[in-house]
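**Q** Just run.tsv, nothing more (TSV, C-alpha atoms):
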```tsv
chain	number	residue	atom	x	y	z
A	1	TYR	CA	157.48	-100.94	80.44
A	2	ALA	CA	156.49	-101.69	84.01
A	3	THR	CA	158.43	-104.91	84.37
A	4	LYS	CA	161.27	-106.61	82.59
A	5	ASN	CA	162.22	-110.18	83.19
A	6	GLU	CA	165.74	-111.10	84.09
A	7	ILE	CA	167.67	-112.05	81.00
A	8	HIS	CA	169.22	-115.49	80.81
A	9	GLN	CA	172.73	-115.37	79.41
A	10	GLY	CA	174.20	-118.65	78.24
A	11	THR	CA	177.86	-119.42	77.95
A	12	LEU	CA	179.55	-119.98	74.61
A	13	LYS	CA	181.91	-122.83	75.27
A	14	GLY	CA	185.16	-123.96	73.77
A	15	PHE	CA	187.13	-120.76	73.14
A	16	ASN	CA	190.78	-121.41	72.46
A	17	SER	CA	193.53	-119.69	74.43
A	18	MET	CA	193.47	-116.60	72.21
A	19	THR	CA	191.64	-114.62	74.86
A	20	SER	CA	190.54	-114.60	78.44
A	21	GLU	CA	186.94	-114.13	79.49
A	22	PRO	CA	185.64	-110.80	78.14
A	23	ASP	CA	185.69	-108.07	80.74
A	24	ALA	CA	182.50	-106.98	82.42
A	25	SER	CA	182.00	-103.32	81.60
A	26	PRO	CA	181.29	-101.08	84.59
A	27	SER	CA	178.08	-99.11	84.25
A	28	SER	CA	180.08	-95.87	84.50
A	29	ASN	CA	182.06	-96.82	81.41
A	30	PRO	CA	179.68	-98.60	79.03
A	31	PRO	CA	181.01	-100.00	75.76
A	32	THR	CA	181.14	-97.60	72.83
A	33	CYS	CA	181.82	-100.38	70.35
A	34	GLN	CA	179.46	-103.34	70.21
A	35	ILE	CA	179.05	-106.26	67.82
A	36	VAL	CA	175.74	-108.11	67.76
A	37	TYR	CA	175.83	-111.29	65.69
A	38	ILE	CA	172.36	-112.61	64.82
A	39	VAL	CA	173.00	-116.35	64.54
A	40	GLY	CA	170.71	-118.70	62.66
A	41	VAL	CA	170.36	-121.25	59.90
A	42	GLU	CA	168.85	-120.41	56.53
A	43	GLY	CA	165.12	-119.83	56.82
A	44	SER	CA	165.17	-118.98	60.52
A	45	GLY	CA	163.97	-115.41	59.97
A	46	HIS	CA	167.02	-113.23	59.32
A	47	HIS	CA	165.23	-110.92	56.90
A	48	GLY	CA	162.54	-110.16	59.44
A	49	VAL	CA	164.61	-110.10	62.61
A	50	SER	CA	167.81	-108.53	61.25
A	51	ASP	CA	166.47	-106.18	58.56
A	52	GLN	CA	163.53	-104.91	60.55
A	53	VAL	CA	163.60	-105.63	64.27
A	54	MET	CA	167.32	-105.41	65.07
A	55	LEU	CA	168.16	-102.62	62.64
A	56	ASN	CA	165.26	-100.39	63.65
A	57	LEU	CA	165.65	-101.10	67.36
A	58	ALA	CA	169.34	-100.15	67.17
A	59	ARG	CA	168.46	-96.92	65.38
A	60	GLU	CA	166.13	-95.98	68.25
A	61	GLN	CA	168.95	-96.03	70.79
A	62	VAL	CA	170.68	-92.95	72.21
A	63	ASP	CA	173.73	-92.65	74.43
A	64	SER	CA	174.06	-90.74	77.70
A	65	LEU	CA	174.57	-87.50	75.76
A	66	GLY	CA	171.42	-88.00	73.72
A	67	LYS	CA	173.26	-88.97	70.53
A	68	ASN	CA	171.87	-91.73	68.35
A	69	TYR	CA	173.95	-94.85	68.00
A	70	ARG	CA	175.97	-95.19	64.83
A	71	VAL	CA	174.65	-98.42	63.30
A	72	LEU	CA	176.64	-100.47	60.80
A	73	PHE	CA	174.45	-103.15	59.22
A	74	ARG	CA	176.13	-105.92	57.25
A	75	SER	CA	179.07	-103.57	56.97
A	76	ALA	CA	181.41	-104.30	54.06
A	77	LYS	CA	184.30	-102.87	56.07
A	78	PHE	CA	183.62	-105.14	59.02
A	79	ARG	CA	183.08	-108.16	56.79
A	80	ASN	CA	186.44	-107.50	55.18
A	81	ILE	CA	188.01	-107.67	58.64
A	82	MET	CA	185.98	-110.72	59.63
A	83	ASN	CA	186.84	-112.60	56.44
A	84	VAL	CA	190.59	-112.30	56.94
A	85	SER	CA	190.50	-112.98	60.68
A	86	PRO	CA	191.06	-116.40	62.29
A	87	ALA	CA	187.26	-116.54	62.78
A	88	THR	CA	186.75	-117.56	59.14
A	89	PRO	CA	188.24	-120.39	57.06
A	90	GLY	CA	191.71	-119.44	55.85
A	91	GLY	CA	191.85	-116.19	57.81
A	92	LYS	CA	195.36	-115.49	59.06
A	93	VAL	CA	195.66	-111.73	59.56
A	94	ASP	CA	197.52	-110.90	62.75
A	95	ASP	CA	196.10	-109.08	65.77
A	96	ALA	CA	197.78	-105.76	65.01
A	97	VAL	CA	196.03	-105.51	61.63
A	98	ILE	CA	192.65	-106.43	63.10
A	99	GLU	CA	193.07	-103.95	65.95
A	100	GLY	CA	193.97	-101.14	63.56
A	101	ARG	CA	191.01	-101.81	61.28
A	102	MET	CA	188.57	-102.15	64.17
A	103	LYS	CA	189.64	-98.79	65.56
A	104	GLU	CA	189.10	-97.24	62.13
A	105	ILE	CA	185.47	-98.34	61.86
A	106	CYS	CA	184.43	-98.65	65.49
A	107	GLY	CA	186.72	-96.61	67.72
A	108	PRO	CA	187.79	-97.87	71.15
A	109	LYS	CA	185.90	-100.57	73.02
A	110	HIS	CA	185.23	-98.07	75.82
A	111	GLY	CA	185.42	-94.30	76.05
A	112	GLY	CA	184.76	-93.37	72.43
A	113	ASP	CA	183.06	-90.17	71.30
A	114	GLU	CA	180.06	-92.09	69.96
A	115	THR	CA	178.52	-95.52	70.36
A	116	THR	CA	178.87	-97.77	67.33
A	117	VAL	CA	176.85	-100.96	66.94
A	118	ILE	CA	177.81	-103.48	64.26
A	119	LEU	CA	174.99	-105.84	63.27
A	120	GLU	CA	176.14	-109.02	61.50
A	121	ASP	CA	174.11	-112.05	60.49
A	122	VAL	CA	175.82	-114.31	57.97
A	123	SER	CA	173.66	-117.45	58.08
A	124	PHE	CA	174.54	-121.14	58.36
A	125	PRO	CA	175.17	-122.38	55.71
A	126	THR	CA	175.93	-119.56	53.29
A	127	GLY	CA	176.34	-119.78	49.52
A	128	PHE	CA	176.06	-122.60	47.03
A	129	ALA	CA	179.72	-123.43	46.51
A	130	THR	CA	180.61	-124.12	50.15
A	131	ARG	CA	177.69	-126.50	50.69
A	132	LYS	CA	178.69	-128.97	47.96
A	133	LYS	CA	180.83	-130.85	50.45
A	134	PHE	CA	177.68	-131.69	52.43
A	135	ALA	CA	175.88	-133.35	49.50
A	136	GLY	CA	174.63	-136.83	50.36
A	137	LEU	CA	176.01	-136.82	53.90
A	138	PRO	CA	173.95	-137.58	57.01
A	139	ALA	CA	173.43	-134.76	59.53
A	140	THR	CA	175.91	-136.28	62.00
A	141	ASP	CA	178.68	-136.23	59.39
A	142	ILE	CA	177.88	-132.61	58.50
A	143	GLU	CA	178.11	-131.75	62.19
A	144	ALA	CA	181.47	-133.52	62.44
A	145	ILE	CA	182.84	-131.56	59.45
A	146	LEU	CA	181.69	-128.26	60.96
A	147	LYS	CA	183.31	-129.04	64.30
A	148	VAL	CA	186.66	-129.48	62.57
A	149	ALA	CA	186.26	-126.69	60.00
A	150	PRO	CA	183.41	-124.33	60.94
A	151	THR	CA	181.94	-122.35	58.06
A	152	PRO	CA	181.04	-119.60	57.28
A	153	VAL	CA	182.19	-118.39	60.72
A	154	ASP	CA	183.79	-120.10	63.69
A	155	LEU	CA	181.68	-118.52	66.43
A	156	LYS	CA	184.05	-119.61	69.14
A	157	LYS	CA	187.00	-117.87	67.51
A	158	PHE	CA	184.81	-114.92	66.49
A	159	GLY	CA	184.14	-114.14	70.13
A	160	ALA	CA	187.76	-114.75	71.08
A	161	VAL	CA	189.07	-112.41	68.38
A	162	PHE	CA	186.58	-109.55	68.47
A	163	SER	CA	185.87	-109.37	72.21
A	164	ARG	CA	189.23	-107.63	72.47
A	165	TYR	CA	187.96	-104.67	70.52
A	166	ALA	CA	184.18	-104.65	71.10
A	167	ASP	CA	181.41	-105.84	73.36
A	168	VAL	CA	180.30	-109.01	71.53
A	169	LYS	CA	176.89	-110.62	72.00
A	170	TYR	CA	174.99	-113.31	70.13
A	171	VAL	CA	171.26	-113.33	69.41
A	172	VAL	CA	170.40	-116.92	68.46
A	173	LEU	CA	167.36	-117.40	66.22
A	174	HIS	CA	165.03	-120.35	66.46
A	175	ARG	CA	162.09	-121.13	64.20
A	176	PRO	CA	160.24	-124.47	64.07
A	177	PHE	CA	162.18	-127.04	62.06
A	178	PHE	CA	159.45	-127.76	59.50
A	179	ASN	CA	159.20	-124.06	58.63
A	180	VAL	CA	162.96	-123.78	58.25
A	181	ALA	CA	163.28	-126.94	56.15
A	182	VAL	CA	160.71	-125.85	53.55
A	183	SER	CA	161.40	-122.11	53.59
A	184	HIS	CA	163.56	-122.27	50.45
A	185	SER	CA	161.80	-125.22	48.83
A	186	GLY	CA	161.47	-123.40	45.50
A	187	TRP	CA	165.25	-123.02	45.22
A	188	LYS	CA	165.86	-126.79	45.17
A	189	LEU	CA	168.72	-126.23	47.54
A	190	ASP	CA	170.84	-129.29	48.20
A	191	GLY	CA	168.68	-131.36	45.81
A	192	GLY	CA	165.27	-131.30	47.48
A	193	ILE	CA	163.37	-130.78	50.71
A	194	VAL	CA	164.69	-133.89	52.46
A	195	GLU	CA	168.28	-133.22	51.42
A	196	HIS	CA	167.97	-129.58	52.47
A	197	GLY	CA	166.47	-130.67	55.79
A	198	THR	CA	169.52	-132.88	56.34
A	199	VAL	CA	171.91	-130.00	55.71
A	200	ILE	CA	169.93	-127.74	58.04
A	201	ALA	CA	169.79	-130.46	60.70
A	202	GLY	CA	173.58	-130.88	60.51
A	203	HIS	CA	174.10	-127.17	61.06
A	204	LEU	CA	171.61	-127.09	63.93
A	205	ARG	CA	173.45	-129.98	65.57
A	206	TYR	CA	176.68	-128.00	65.27
A	207	LEU	CA	175.14	-124.77	66.63
A	208	GLY	CA	173.43	-126.67	69.41
A	209	ASN	CA	176.82	-127.90	70.58
A	210	VAL	CA	178.39	-124.45	70.25
A	211	PHE	CA	175.78	-122.82	72.46
A	212	GLY	CA	174.79	-125.81	74.55
A	213	GLY	CA	178.03	-127.73	74.64
A	214	ASP	CA	178.73	-130.63	76.94
A	215	THR	CA	180.81	-131.21	80.03
A	216	LYS	CA	183.88	-132.14	77.99
A	217	ASP	CA	184.18	-128.65	76.51
A	218	ASN	CA	187.11	-126.61	77.77
A	219	MET	CA	185.55	-123.34	78.88
A	220	VAL	CA	188.29	-120.70	78.71
A	221	GLY	CA	186.15	-117.80	77.54
A	222	SER	CA	182.54	-116.68	77.31
A	223	VAL	CA	180.23	-114.52	75.23
A	224	PRO	CA	176.69	-113.65	76.35
A	225	TRP	CA	173.95	-115.08	74.16
A	226	LYS	CA	170.18	-115.07	74.08
A	227	LEU	CA	167.73	-117.34	72.31
A	228	LEU	CA	165.08	-115.52	70.28
A	229	CYS	CA	161.99	-117.52	69.33
A	230	VAL	CA	161.00	-116.00	66.01
A	231	ASN	CA	157.40	-117.21	66.25
A	232	GLN	CA	156.94	-114.90	69.24
A	233	LEU	CA	157.26	-111.97	66.83
A	234	ARG	CA	154.47	-113.06	64.51
A	235	ASN	CA	151.52	-110.72	63.99
A	236	ASP	CA	149.24	-112.77	66.23
A	237	ALA	CA	151.77	-112.29	69.04
A	238	SER	CA	151.04	-108.56	68.98
A	239	ALA	CA	147.54	-109.22	70.34
A	240	GLN	CA	148.43	-111.64	73.17
A	241	THR	CA	149.19	-109.97	76.51
A	242	ASP	CA	150.57	-111.26	79.79
A	243	GLY	CA	149.55	-110.32	83.33
A	244	ASN	CA	151.45	-107.05	83.07
A	245	GLY	CA	149.72	-105.96	79.88
A	246	LEU	CA	152.73	-106.66	77.68
A	247	THR	CA	152.18	-108.35	74.34
A	248	LYS	CA	154.49	-111.19	73.38
A	249	ARG	CA	156.19	-108.87	70.93
A	250	ASP	CA	156.65	-106.17	73.55
A	251	LYS	CA	158.13	-108.68	75.96
A	252	VAL	CA	160.61	-109.99	73.38
A	253	ILE	CA	161.72	-106.47	72.45
A	254	SER	CA	162.00	-105.42	76.10
A	255	GLU	CA	164.10	-108.45	77.04
A	256	LEU	CA	166.22	-108.08	73.91
A	257	SER	CA	167.00	-104.45	74.75
A	258	ASP	CA	167.91	-105.40	78.32
A	259	PHE	CA	170.18	-108.18	77.11
A	260	LEU	CA	172.00	-105.87	74.70
A	261	GLY	CA	172.31	-103.08	77.27
A	262	TRP	CA	170.17	-100.73	75.19
A	263	SER	CA	168.03	-98.18	77.01
A	264	SER	CA	165.07	-97.83	74.65
A	265	THR	CA	162.45	-100.51	74.13
A	266	ASP	CA	160.34	-98.30	71.87
A	267	CYS	CA	160.48	-99.40	68.26
A	268	GLU	CA	157.75	-97.91	66.12
A	269	GLN	CA	159.37	-99.08	62.88
A	270	CYS	CA	160.22	-102.64	63.92
A	271	PHE	CA	157.08	-104.21	62.49
A	272	THR	CA	155.81	-101.75	59.87
A	273	LYS	CA	157.06	-104.03	57.07
A	274	TRP	CA	156.89	-107.32	58.94
A	275	TYR	CA	154.81	-110.08	57.37
A	276	ASP	CA	154.13	-113.62	58.53
A	277	SER	CA	154.82	-116.48	56.18
A	278	ASP	CA	151.57	-118.10	55.06
A	279	LYS	CA	153.36	-121.23	53.86
A	280	ASP	CA	151.98	-124.46	55.33
A	281	PRO	CA	155.13	-126.56	55.82
A	282	ILE	CA	153.28	-129.86	56.04
A	283	ALA	CA	151.47	-129.20	52.77
A	284	VAL	CA	154.67	-128.04	51.08
A	285	ALA	CA	156.64	-131.05	52.31
A	286	GLY	CA	154.08	-133.60	51.13
A	287	ASP	CA	155.47	-137.11	51.36
A	288	ALA	CA	158.77	-135.70	52.62
A	289	ILE	CA	157.18	-134.85	55.97
A	290	ARG	CA	158.02	-138.30	57.35
A	291	ALA	CA	161.72	-137.79	56.72
A	292	LEU	CA	161.57	-134.26	58.12
A	293	THR	CA	159.80	-135.52	61.23
A	294	LYS	CA	162.61	-138.03	61.83
A	295	GLN	CA	165.21	-135.27	61.34
A	296	ARG	CA	163.35	-133.00	63.76
A	297	ASP	CA	162.97	-135.68	66.41
A	298	GLU	CA	166.67	-136.50	66.28
A	299	LEU	CA	167.39	-132.87	67.16
A	300	SER	CA	165.22	-132.84	70.27
A	301	GLU	CA	168.08	-133.19	72.77
A	302	ILE	CA	170.37	-130.78	70.93
A	303	TRP	CA	168.31	-127.94	69.50
A	304	PRO	CA	167.20	-125.35	70.44
A	305	PRO	CA	169.84	-124.64	73.09
A	306	LYS	CA	168.43	-124.35	76.58
A	307	ASP	CA	167.33	-120.84	77.53
A	308	GLU	CA	164.66	-121.15	80.19
A	309	ARG	CA	163.48	-117.54	79.92
A	310	ALA	CA	162.92	-117.67	76.17
A	311	GLY	CA	159.41	-119.02	76.77
A	312	ASN	CA	157.70	-121.66	74.68
A	313	CYS	CA	160.02	-122.28	71.75
A	314	PRO	CA	158.81	-125.49	70.10
A	315	LEU	CA	161.15	-127.52	67.91
```
Let me see the structure of the file written as structure tokens.
**A**
Amino acid sequence: YATKNEIHQGTLKGFNSMTSEPDASPSSNPPTCQIVYIVGVEGSGHHGVSDQVMLNLAREQVDSLGKNYRVLFRSAKFRNIMNVSPATPGGKVDDAVIEGRMKEICGPKHGGDETTVILEDVSFPTGFATRKKFAGLPATDIEAILKVAPTPVDLKKFGAVFSRYADVKYVVLHRPFFNVAVSHSGWKLDGGIVEHGTVIAGHLRYLGNVFGGDTKDNMVGSVPWKLLCVNQLRNDASAQTDGNGLTKRDKVISELSDFLGWSSTDCEQCFTKWYDSDKDPIAVAGDAIRALTKQRDELSEIWPPKDERAGNCPL
């Protein structure tokens, strides 16, 4: 690619004192263990972005010796570590145990014999049992609960814990609210479309504060993050070019590779099985669209988090 735009890296605020700011890796000693967490609410496009774009793009990468990256996708071994770490509810395993297990699956943070990339993407919320406590609550109350007891993952603690053993970065997914709210309409999640929209709105409020934060947050650590507008990966985006001849898709992939520190922006397999949803959210929502519109509008100052170089990313 002829040109690549500078990547905007936000700051994840509110780490506790478990860690200092992650070290900046010198170019002569790049990380050989990396964790990329694809963050998003249900319906924001995980199956397209994670299963196709991120996984295939990672598999295209090679290190300085020409060896392909070792890619662990939704790794059971890593999830076992994550689920007993302080980053998840009830996790209490000490640092020595986490360090030993991370070295087993990922090697050292720098200087390993091969580069390992762990791709994780547990969505917000996850599962049916954990979401019962949100039933009937307004979005602001759901946000308040998540601030006190984040679930399924406390992203602030996740970065604090795992930045010791790997280069951690967040890719934050955004898809228009109406599409997200009706994406699982057939499942009758949370009782109905309006109720599901409320649960999603509560989680977006929480995530908006995690990645946007406010001036009262105590910033004692940071993790690089990048907003990814999922609509910019749609099939029609593959035909729209900018002044440099790059399609919207090409530009997203190029910037994503730069952000992650990956050398290759070629990804022949990224979109071979990609398909755009043909669901009309307004038609699906029916009379519920008024309530969803109110939920969406109340998010306008909170979500999506500000990332000026993400392009047009409508709420």
**Q** One number please: atom CA of Asp95 of chain A to atom CA of Phe78 of chain A, in Å, one decimal.
**A**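 A separation of 14.7 Å between them.
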**Q** Tell me, in Å to one decimal, how far atom CA of Lys132 of chain A is from atom CA of Lys147 of chain A.
**A**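 Straight-line distance from atom CA of Lys132 of chain A to atom CA of Lys147 of chain A works out to 17.0 Å.
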**Q** Please produce, as JSON lines, a per-residue contact table for segment 76-113 of chain A versus segment 31-42 of chain A (criterion: any atom at most 9 Å away, only C-alpha atoms considered), showing the nearest atom pair and its distance in Å to one decimal, sorted by chain then residue number.
**A**
```
{"residue": "A:Cys106", "atom": "CA", "partner": "A:Cys33", "partner_atom": "CA", "distance": 5.8}
{"residue": "A:Gly107", "atom": "CA", "partner": "A:Cys33", "partner_atom": "CA", "distance": 6.7}
{"residue": "A:Pro108", "atom": "CA", "partner": "A:Cys33", "partner_atom": "CA", "distance": 6.5}
{"residue": "A:Lys109", "atom": "CA", "partner": "A:Cys33", "partner_atom": "CA", "distance": 4.9}
{"residue": "A:His110", "atom": "CA", "partner": "A:Pro31", "partner_atom": "CA", "distance": 4.6}
{"residue": "A:Gly111", "atom": "CA", "partner": "A:Thr32", "partner_atom": "CA", "distance": 6.3}
{"residue": "A:Gly112", "atom": "CA", "partner": "A:Thr32", "partner_atom": "CA", "distance": 5.6}
{"residue": "A:Asp113", "atom": "CA", "partner": "A:Thr32", "partner_atom": "CA", "distance": 7.8}
```
**Q** With C-alpha atoms retained, export the selected residues as a CSV table (one decimal), in the coordinates of the input.
**A**
```csv
chain,number,residue,atom,x,y,z
A,106,CYS,CA,184.4,-98.6,65.5
A,107,GLY,CA,186.7,-96.6,67.7
A,108,PRO,CA,187.8,-97.9,71.2
A,109,LYS,CA,185.9,-100.6,73.0
A,110,HIS,CA,185.2,-98.1,75.8
A,111,GLY,CA,185.4,-94.3,76.0
A,112,GLY,CA,184.8,-93.4,72.4
A,113,ASP,CA,183.1,-90.2,71.3
```
**Q** Between atom CA of Asp278 of chain A and atom CA of Ser257 of chain A, what is the distance in Å, rounded to a tenth?
**A** 28.5 Å
**Q** Counting only C-alpha atoms, which residues of segment 133-221 of chain A fall within 12 Å of segment 43-56 of chain A, and what is the closest atom pair for each with its distance in Å at one decimal, ordered by chain and rising number, as a Markdown table?
**A**
```
| residue | atom | partner | partner_atom | distance |
| --- | --- | --- | --- | --- |
| A:Val171 | CA | A:Met54 | CA | 9.9 |
| A:Val172 | CA | A:Ser44 | CA | 9.7 |
| A:Leu173 | CA | A:Ser44 | CA | 6.3 |
| A:His174 | CA | A:Ser44 | CA | 6.1 |
| A:Arg175 | CA | A:Ser44 | CA | 5.3 |
| A:Pro176 | CA | A:Ser44 | CA | 8.2 |
| A:Phe177 | CA | A:Ser44 | CA | 8.7 |
| A:Phe178 | CA | A:Gly43 | CA | 10.1 |
| A:Asn179 | CA | A:Gly43 | CA | 7.5 |
| A:Val180 | CA | A:Gly43 | CA | 4.7 |
| A:Ala181 | CA | A:Gly43 | CA | 7.4 |
| A:Val182 | CA | A:Gly43 | CA | 8.1 |
| A:Ser183 | CA | A:Gly43 | CA | 5.4 |
| A:His184 | CA | A:Gly43 | CA | 7.0 |
| A:Ser185 | CA | A:Gly43 | CA | 10.2 |
| A:Leu189 | CA | A:Gly43 | CA | 11.8 |
| A:His196 | CA | A:Gly43 | CA | 11.1 |
| A:Gly197 | CA | A:Gly43 | CA | 11.0 |
| A:Ile200 | CA | A:Gly43 | CA | 9.3 |
| A:Leu204 | CA | A:Ser44 | CA | 10.9 |
```
**Q** Show me, as a PDB file with C-alpha atoms, in the coordinates of the input, the residues that have an atom within 12 Å of Asn68 of chain A when counting all atoms listed in the file, minus same-chain residues fewer than 2 positions from it.
**A**
```pdb
ATOM      1  CA  THR A  32     181.140 -97.600  72.830  1.00  0.00           C
ATOM      2  CA  ASN A  56     165.260-100.390  63.650  1.00  0.00           C
ATOM      3  CA  LEU A  57     165.650-101.100  67.360  1.00  0.00           C
ATOM      4  CA  ALA A  58     169.340-100.150  67.170  1.00  0.00           C
ATOM      5  CA  ARG A  59     168.460 -96.920  65.380  1.00  0.00           C
ATOM      6  CA  GLU A  60     166.130 -95.980  68.250  1.00  0.00           C
ATOM      7  CA  GLN A  61     168.950 -96.030  70.790  1.00  0.00           C
ATOM      8  CA  VAL A  62     170.680 -92.950  72.210  1.00  0.00           C
ATOM      9  CA  ASP A  63     173.730 -92.650  74.430  1.00  0.00           C
ATOM     10  CA  SER A  64     174.060 -90.740  77.700  1.00  0.00           C
ATOM     11  CA  LEU A  65     174.570 -87.500  75.760  1.00  0.00           C
ATOM     12  CA  GLY A  66     171.420 -88.000  73.720  1.00  0.00           C
ATOM     13  CA  ARG A  70     175.970 -95.190  64.830  1.00  0.00           C
ATOM     14  CA  VAL A  71     174.650 -98.420  63.300  1.00  0.00           C
ATOM     15  CA  ASP A 113     183.060 -90.170  71.300  1.00  0.00           C
ATOM     16  CA  GLU A 114     180.060 -92.090  69.960  1.00  0.00           C
ATOM     17  CA  THR A 115     178.520 -95.520  70.360  1.00  0.00           C
ATOM     18  CA  THR A 116     178.870 -97.770  67.330  1.00  0.00           C
ATOM     19  CA  VAL A 117     176.850-100.960  66.940  1.00  0.00           C
ATOM     20  CA  TRP A 262     170.170-100.730  75.190  1.00  0.00           C
ATOM     21  CA  SER A 263     168.030 -98.180  77.010  1.00  0.00           C
ATOM     22  CA  SER A 264     165.070 -97.830  74.650  1.00  0.00           C
TER      23      SER A 264
END
```
**Q** Considering all atoms listed in the file, return as a ChimeraX atom specification whatever protein or nucleic-acid residues lie within 9 Å of Val252 of chain A, sequence-local ones (same chain, fewer than 4 positions apart) excluded.
**A** /A:228-229,232-233,247-248,256-257,310
